[in-house]
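> See query_1.txt below, with compact mmCIF, C-alpha atoms.
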# COMPACT_ATOMS: atom_id res chain seq x y z
CA CYS A 1037 270.86 -3.87 193.20
CA LYS A 1038 268.07 -2.88 190.79
CA PHE A 1039 270.25 -3.97 187.90
CA THR A 1040 270.95 -7.33 189.55
CA THR A 1041 267.26 -7.91 190.26
CA ARG A 1042 266.24 -6.98 186.73
CA TRP A 1043 268.97 -9.19 185.31
CA ALA A 1044 267.82 -12.13 187.44
CA LEU A 1045 264.20 -11.66 186.36
CA TRP A 1046 265.28 -11.45 182.73
CA LEU A 1047 267.20 -14.70 183.09
CA VAL A 1048 264.23 -16.49 184.67
CA PHE A 1049 261.88 -15.26 181.96
CA SER A 1050 264.37 -16.22 179.24
CA TRP A 1051 264.76 -19.75 180.56
CA ILE A 1052 260.97 -20.19 180.67
CA ILE A 1053 260.75 -19.19 177.00
CA ILE A 1054 263.82 -21.27 176.14
CA GLY A 1055 262.45 -24.37 177.83
CA ARG A 1056 259.08 -24.01 176.11
CA SER A 1057 260.70 -23.44 172.71
CA TYR A 1058 263.07 -26.39 173.07
CA ALA A 1059 260.30 -28.73 174.22
CA GLN A 1060 258.13 -27.77 171.24
CA GLN A 1061 260.91 -28.26 168.71
CA THR A 1062 262.13 -31.63 169.98
CA PRO A 1063 260.85 -34.90 168.51
CA ILE A 1064 259.66 -37.62 170.88
CA HIS A 1065 261.45 -40.22 168.75
CA HIS A 1066 264.38 -39.86 166.38
CA LEU A 1067 266.32 -42.59 164.61
CA CYS A 1068 269.58 -41.41 163.12
CA PHE A 1069 270.33 -44.03 160.47
CA ASP A 1070 272.75 -41.61 158.80
CA THR A 1071 275.29 -42.56 161.47
CA CYS A 1072 274.10 -46.20 161.54
CA THR A 1073 272.73 -45.66 165.06
CA THR A 1074 269.80 -47.88 166.06
CA GLN A 1075 269.13 -46.26 169.44
CA ASP A 1076 266.25 -43.81 169.64
CA GLN A 1077 267.90 -40.45 170.37
CA TYR A 1078 264.95 -39.16 172.42
CA GLY A 1079 262.66 -42.01 173.43
CA SER A 1080 262.56 -45.79 173.58
CA MET A 1081 261.59 -46.66 170.01
CA ASN A 1082 264.86 -48.43 169.30
CA ALA A 1083 265.43 -50.17 165.97
CA VAL A 1084 266.46 -53.70 165.03
CA LEU A 1085 267.82 -54.15 161.50
CA LYS A 1086 266.40 -57.35 160.03
CA ASN A 1087 267.62 -59.84 157.43
CA GLY A 1088 271.01 -58.33 156.73
CA ILE A 1089 269.97 -54.80 155.89
CA THR A 1090 273.09 -52.74 155.21
CA CYS A 1091 274.08 -49.36 156.61
CA ASN A 1092 276.87 -46.99 155.63
CA SER A 1093 277.81 -43.88 157.60
CA GLY A 1094 276.73 -40.75 155.77
CA GLN A 1095 274.35 -42.73 153.56
CA GLY A 1096 272.12 -44.54 156.04
CA LEU A 1097 270.18 -47.74 155.43
CA THR A 1098 269.88 -49.58 152.14
CA PHE A 1099 266.81 -51.79 151.63
CA ASP A 1100 267.26 -54.50 149.00
CA GLY A 1101 263.53 -54.95 148.32
CA VAL A 1102 263.86 -58.69 148.89
CA ASN A 1103 263.57 -59.22 152.64
CA ASP A 1104 265.14 -56.24 154.45
CA PHE A 1105 263.15 -54.20 156.95
CA VAL A 1106 263.49 -52.43 160.30
CA GLN A 1107 261.61 -53.51 163.41
CA LEU A 1108 260.91 -50.79 165.99
CA ASP A 1109 260.15 -51.24 169.67
CA ALA A 1110 256.51 -50.76 170.61
CA VAL A 1111 255.77 -47.30 172.02
CA PRO A 1112 252.50 -45.41 172.65
CA LEU A 1113 251.51 -43.05 169.84
CA GLY A 1114 248.40 -40.99 169.26
CA GLY A 1115 246.79 -37.58 169.09
CA ALA A 1116 248.37 -34.74 167.13
CA THR A 1117 251.42 -36.25 165.42
CA THR A 1118 253.98 -35.52 162.73
CA PHE A 1119 256.11 -38.14 160.99
CA ALA A 1120 259.25 -37.03 159.15
CA SER A 1121 261.94 -38.89 157.22
CA TRP A 1122 264.72 -38.57 154.68
CA PHE A 1123 264.38 -41.51 152.30
CA ARG A 1124 265.15 -42.80 148.81
CA PHE A 1125 262.85 -45.00 146.71
CA ASP A 1126 264.15 -47.21 143.88
CA ASN A 1127 261.03 -49.14 142.89
CA VAL A 1128 258.86 -46.85 140.72
CA GLY A 1129 257.79 -49.17 137.92
CA GLY A 1130 259.34 -52.12 139.72
CA SER A 1131 257.99 -55.52 140.66
CA THR A 1132 256.93 -54.90 144.27
CA SER A 1133 253.44 -53.48 144.82
CA SER A 1134 252.43 -51.19 147.70
CA SER A 1135 255.98 -50.83 149.07
CA ARG A 1136 255.81 -49.58 152.66
CA LEU A 1137 257.80 -46.61 153.83
CA PHE A 1138 256.47 -47.54 157.27
CA GLU A 1139 253.49 -49.20 158.91
CA PHE A 1140 252.54 -49.32 162.59
CA GLY A 1141 249.52 -51.28 163.77
CA ASN A 1142 247.89 -54.22 165.52
CA SER A 1143 246.40 -55.57 162.29
CA PRO A 1144 246.11 -54.45 158.66
CA THR A 1145 242.56 -53.18 159.24
CA ALA A 1146 242.54 -51.61 162.70
CA MET A 1147 244.66 -48.99 164.48
CA ASN A 1148 247.28 -48.92 161.74
CA VAL A 1149 249.05 -45.84 160.39
CA GLN A 1150 251.19 -46.05 157.28
CA ALA A 1151 252.79 -44.43 154.25
CA PHE A 1152 253.34 -46.44 151.06
CA ALA A 1153 253.65 -46.47 147.29
CA VAL A 1154 250.38 -47.06 145.44
CA ASN A 1155 250.80 -50.21 143.35
CA THR A 1156 254.17 -49.82 141.57
CA GLY A 1157 253.77 -46.18 140.56
CA SER A 1158 255.02 -42.82 141.80
CA THR A 1159 252.01 -42.01 143.99
CA LEU A 1160 252.58 -41.94 147.76
CA LYS A 1161 249.61 -42.68 150.00
CA VAL A 1162 249.24 -41.93 153.70
CA GLU A 1163 246.47 -43.45 155.75
CA MET A 1164 245.30 -44.35 159.23
CA ARG A 1165 242.48 -46.41 160.73
CA ASN A 1166 240.70 -46.18 164.07
CA THR A 1167 239.71 -49.02 166.39
CA GLY A 1168 236.65 -49.79 164.28
CA GLY A 1169 238.63 -49.88 161.06
CA ALA A 1170 237.34 -46.56 159.66
CA LEU A 1171 239.84 -45.18 157.15
CA LEU A 1172 241.29 -41.73 156.49
CA SER A 1173 243.73 -41.44 153.59
CA LYS A 1174 245.37 -39.09 151.11
CA GLU A 1175 247.18 -39.85 147.84
CA ILE A 1176 249.99 -37.63 146.49
CA PRO A 1177 250.61 -38.34 142.78
CA GLY A 1178 254.20 -38.00 141.59
CA PHE A 1179 255.68 -37.87 145.08
CA LEU A 1180 258.07 -40.78 144.51
CA VAL A 1181 261.01 -40.39 142.13
CA ASN A 1182 263.43 -43.25 141.50
CA GLY A 1183 266.78 -42.71 143.16
CA ALA A 1184 265.95 -39.27 144.57
CA LEU A 1185 266.80 -38.48 148.19
CA THR A 1186 263.55 -36.96 149.45
CA HIS A 1187 262.36 -35.30 152.63
CA PHE A 1188 258.89 -36.44 153.71
CA ALA A 1189 256.70 -35.01 156.46
CA TRP A 1190 253.11 -35.90 157.34
CA SER A 1191 251.20 -34.10 160.06
CA ILE A 1192 247.95 -35.36 161.61
CA SER A 1193 245.95 -32.87 163.66
CA ALA A 1194 243.81 -33.56 166.72
CA THR A 1195 240.77 -33.49 164.39
CA GLY A 1196 242.28 -35.78 161.76
CA ASP A 1197 243.39 -33.17 159.23
CA PHE A 1198 246.36 -34.25 157.11
CA LYS A 1199 249.17 -32.20 155.62
CA VAL A 1200 251.88 -33.84 153.53
CA TYR A 1201 255.14 -32.14 152.60
CA LYS A 1202 257.81 -33.00 150.04
CA ASN A 1203 261.19 -31.31 150.36
CA GLY A 1204 259.76 -28.63 152.63
CA VAL A 1205 256.75 -27.80 150.43
CA GLU A 1206 253.15 -28.72 151.18
CA VAL A 1207 251.91 -31.05 148.43
CA GLY A 1208 248.72 -32.51 149.88
CA THR A 1209 245.99 -31.67 152.38
CA LYS A 1210 242.97 -33.54 153.72
CA THR A 1211 240.51 -31.82 156.03
CA GLY A 1212 237.45 -32.89 157.97
CA GLY A 1213 238.77 -36.24 159.15
CA GLY A 1214 236.92 -35.97 162.44
CA TRP A 1215 239.24 -38.02 164.63
CA PRO A 1216 242.94 -38.00 165.54
CA LEU A 1217 245.49 -40.77 165.31
CA PRO A 1218 244.14 -43.26 167.90
CA THR A 1219 246.32 -43.46 171.00
CA ALA A 1220 247.70 -46.96 171.45
CA THR A 1221 250.85 -49.00 171.87
CA ARG A 1222 250.80 -50.84 168.58
CA SER A 1223 252.20 -54.36 168.58
CA THR A 1224 253.90 -54.19 165.18
CA ASN A 1225 256.00 -51.23 164.07
CA TRP A 1226 257.94 -51.67 160.84
CA ILE A 1227 259.90 -49.53 158.44
CA GLY A 1228 260.11 -50.97 154.95
CA LYS A 1229 257.50 -53.72 155.37
CA CYS A 1230 253.73 -54.07 155.72
CA LEU A 1231 251.68 -56.00 158.27
CA TYR A 1232 250.54 -58.51 155.68
CA GLY A 1233 252.48 -60.13 152.86
CA SER A 1234 255.77 -58.43 152.09
CA CYS A 1235 255.22 -54.98 150.50
CA LEU A 1236 258.95 -54.46 150.91
CA TRP A 1237 260.69 -51.12 150.38
CA LYS A 1238 263.57 -50.86 147.93
CA GLY A 1239 265.76 -47.83 148.43
CA GLY A 1240 267.25 -46.11 151.46
CA MET A 1241 266.61 -44.12 154.62
CA ARG A 1242 268.78 -41.64 156.51
CA SER A 1243 266.49 -40.62 159.38
CA PHE A 1244 263.03 -41.17 160.85
CA SER A 1245 261.37 -38.89 163.42
CA ILE A 1246 258.05 -38.61 165.23
CA TYR A 1247 256.71 -35.46 166.93
CA ASN A 1248 253.77 -35.30 169.34
CA ARG A 1249 252.41 -32.16 167.71
CA VAL A 1250 251.60 -30.77 164.29
CA LEU A 1251 254.71 -29.17 162.84
CA SER A 1252 254.07 -25.87 161.12
CA ALA A 1253 255.00 -25.26 157.50
CA ALA A 1254 257.96 -23.20 158.76
CA ASP A 1255 259.10 -26.09 160.99
CA VAL A 1256 258.99 -28.54 158.09
CA LEU A 1257 260.83 -26.16 155.77
CA ALA A 1258 263.54 -25.70 158.41
CA LEU A 1259 263.90 -29.48 158.72
CA TYR A 1260 264.33 -29.77 154.98
CA ASN A 1261 266.77 -26.86 154.77
CA SER A 1262 268.90 -28.41 157.52
CA GLY A 1263 269.85 -31.23 155.14
CA ALA A 1264 269.69 -34.99 155.36
CA GLY A 1265 272.64 -35.47 157.68
CA ASN A 1266 272.52 -32.35 159.87
CA LYS A 1267 270.09 -33.73 162.45
CA CYS A 1268 272.24 -36.83 162.80
CA SER A 1269 275.43 -35.15 163.97
CA VAL A 1270 276.31 -36.59 167.38
CA LEU A 1271 277.79 -34.07 169.79
CA SER A 1272 281.28 -34.75 171.07
CA ALA A 1273 282.10 -33.90 174.68
CA THR A 1274 285.26 -32.16 173.46
CA THR A 1275 283.77 -30.25 170.54
CA PRO A 1276 283.60 -26.49 171.25
CA TYR A 1277 280.11 -25.05 171.33
CA THR A 1278 279.30 -22.89 168.31
CA PRO A 1279 276.27 -20.59 168.76
CA GLN A 1280 273.56 -21.22 166.17
CA PRO A 1281 271.04 -18.66 164.85
CA PRO A 1282 267.35 -18.81 165.82
CA GLY A 1283 265.53 -21.49 163.86
CA SER A 1284 268.58 -23.70 163.40
CA PHE A 1285 267.90 -27.42 163.50
CA GLU A 1286 271.12 -28.98 164.76
CA HIS A 1287 270.48 -32.33 166.43
CA ILE A 1288 271.08 -32.64 170.18
CA PRO A 1289 271.12 -36.28 171.31
CA ARG A 1290 269.34 -37.16 174.52
CA GLN A 1291 272.65 -38.32 176.07
CA CYS A 1292 273.84 -34.73 176.33
CA LEU A 1293 271.05 -33.91 178.75
CA THR A 1294 272.82 -35.86 181.51
CA HIS A 1295 276.43 -35.71 180.35
CA PRO A 1296 278.36 -33.26 182.60
CA THR A 1297 280.52 -31.76 179.83
CA ARG A 1298 277.65 -31.58 177.33
CA LYS A 1299 275.06 -30.09 179.66
CA ARG A 1300 276.03 -26.49 178.95
CA ARG A 1301 275.77 -27.09 175.21
CA CYS A 1302 272.29 -28.45 175.61
CA GLU A 1303 271.24 -25.46 177.68
CA ASP A 1304 272.75 -23.03 175.22
CA GLY A 1305 271.06 -24.77 172.31
CA VAL A 1306 267.80 -22.93 172.80
CA HIS A 1307 266.88 -22.98 169.10
CA LEU A 1308 268.41 -26.34 168.29
CA LEU A 1309 266.64 -29.56 167.47
Would you mind writing the file out in structure tokens?


Amino acid sequence: CKFTTRWALWLVFSWIIIGRSYAQQTPIHHLCFDTCTTQDQYGSMNAVLKNGITCNSGQGLTFDGVNDFVQLDAVPLGGATTFASWFRFDNVGGSTSSSRLFEFGNSPTAMNVQAFAVNTGSTLKVEMRNTGGALLSKEIPGFLVNGALTHFAWSISATGDFKVYKNGVEVGTKTGGGWPLPTATRSTNWIGKCLYGSCLWKGGMRSFSIYNRVLSAADVLALYNSGAGNKCSVLSATTPYTPQPPGSFEHIPRQCLTHPTRKRRCEDGVHLL
């Protein structure tokens, strides 16, 4: 009886820790372009591919730099946030200036948050504005390399501190911002295009994720080490469950949370993303 009681208490305690760990590791939005899926795997920020943008399984989206971009459904964002993406850029030294990796906003000068190439060079810039148009930004020279598949992560703290990572390594920090990403449902949310003019992206993208917290350096490194396609593997209802070690970042789609034959896999995936 004592053994049974202790075992039950251990299980309850374990599930509390498991639930907390899983909730912290899970993005609020994840677009798995590696499998050419346009449905948000966790939220409602679904994607619409515009102007004939192409997608190939295992390679993701290809932006032609002429008129391709991705339109995302409007969702509320704000507070402590981390953006993460696997992308490729093919326009260093090219003809398009200020190519946008992404830009969300209501106008070019208020409430927008974006990452883009500075002019036509290899510098990546991240920036955000508040309701009054005040600007916080950080430039990372040499971040962009033509043709290189790159993992990007940008965290914004509740006090406006920035950390930017390239391939799992911190490459830029800005402190003393003073305010977080303003909470709002922005009317325009684009990948590969800016809110004014064109500023079109030429290259590719395999995934795009948003977290409602600041990912730690260890979290970002684990995302990078998982590889470009690992987070995009869609679980099959007939695929046997293979236990993963703590810290693994295998993707669990939101559909498995309600699917009867996938539910056990989701519950067992205590360290999975």

> Name the closest residue to A:Gly1088 among the candidates A:Asp1104, A:Ala1194, A:Ile1064, A:Thr1073; distances are taken between atoms, counting only C-alpha atoms.

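Closest candidate: A:Asp1104.
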
> Mind pulling up the distance from atom CA of A:Phe1152 to atom CA of A:Ala1220?

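About the pair atom CA of A:Ala1220 and atom CA of A:Phe1152: they are 21.2 Å apart.
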
> Name all residues at most 9 Å from A:Leu1231 (count all atoms listed in the file; drop same-chain ones fewer than 4 positions away) and give them as a list in words.

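Surrounding residues, per the criterion: Glu1139, Phe1140, Gly1141, Asn1142, Ser1143, Pro1144, Thr1224, Asn1225, Trp1226 and Cys1235 of chain A.
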
> Given all atoms listed in the file as the basis, pick out the residue of A:Ala1120, A:Cys1072, A:Ala1264, A:Val1111 nearest to A:Ile1246.

A:Ala1120

> Looking at A:Leu1185, A:Ala1083, A:Leu1251, A:Ile1176, which one is nearest to A:Gln1095, with distances taken over all atoms listed in the file?

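Using all atoms listed in the file, the shortest distance to A:Gln1095 belongs to A:Leu1185.
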
> Find the residue from A:Thr1071, A:Thr1195, A:Gln1107, A:Ser1133 that sits nearest to A:Leu1160; use all atoms listed in the file when measuring.

A:Ser1133

> Using only C-alpha atoms for the distances, tell me which of A:Gly1214, A:Gly1115, A:Gly1168, A:Gly1183 is nearest to A:Gly1240.

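The answer is A:Gly1183, which sits nearest to A:Gly1240.
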
> Closest to A:Ile1089 among A:Phe1119, A:Tyr1260, A:Trp1237, A:Trp1215, using all atoms listed in the file?

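Among A:Phe1119, A:Tyr1260, A:Trp1237, A:Trp1215, it is A:Trp1237 that comes nearest to A:Ile1089.
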
> Need to verify the contact set: A:His1187, 8 Å, only C-alpha atoms, exclusion of same-chain residues closer than 5 positions in sequence. Can you return it as a list in words?

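Result of the neighbour search: Ala1120, Ser1121, Trp1122, Phe1123, Tyr1201, Lys1202, Asn1203, Gly1204, Tyr1260 and Ala1264 of chain A.
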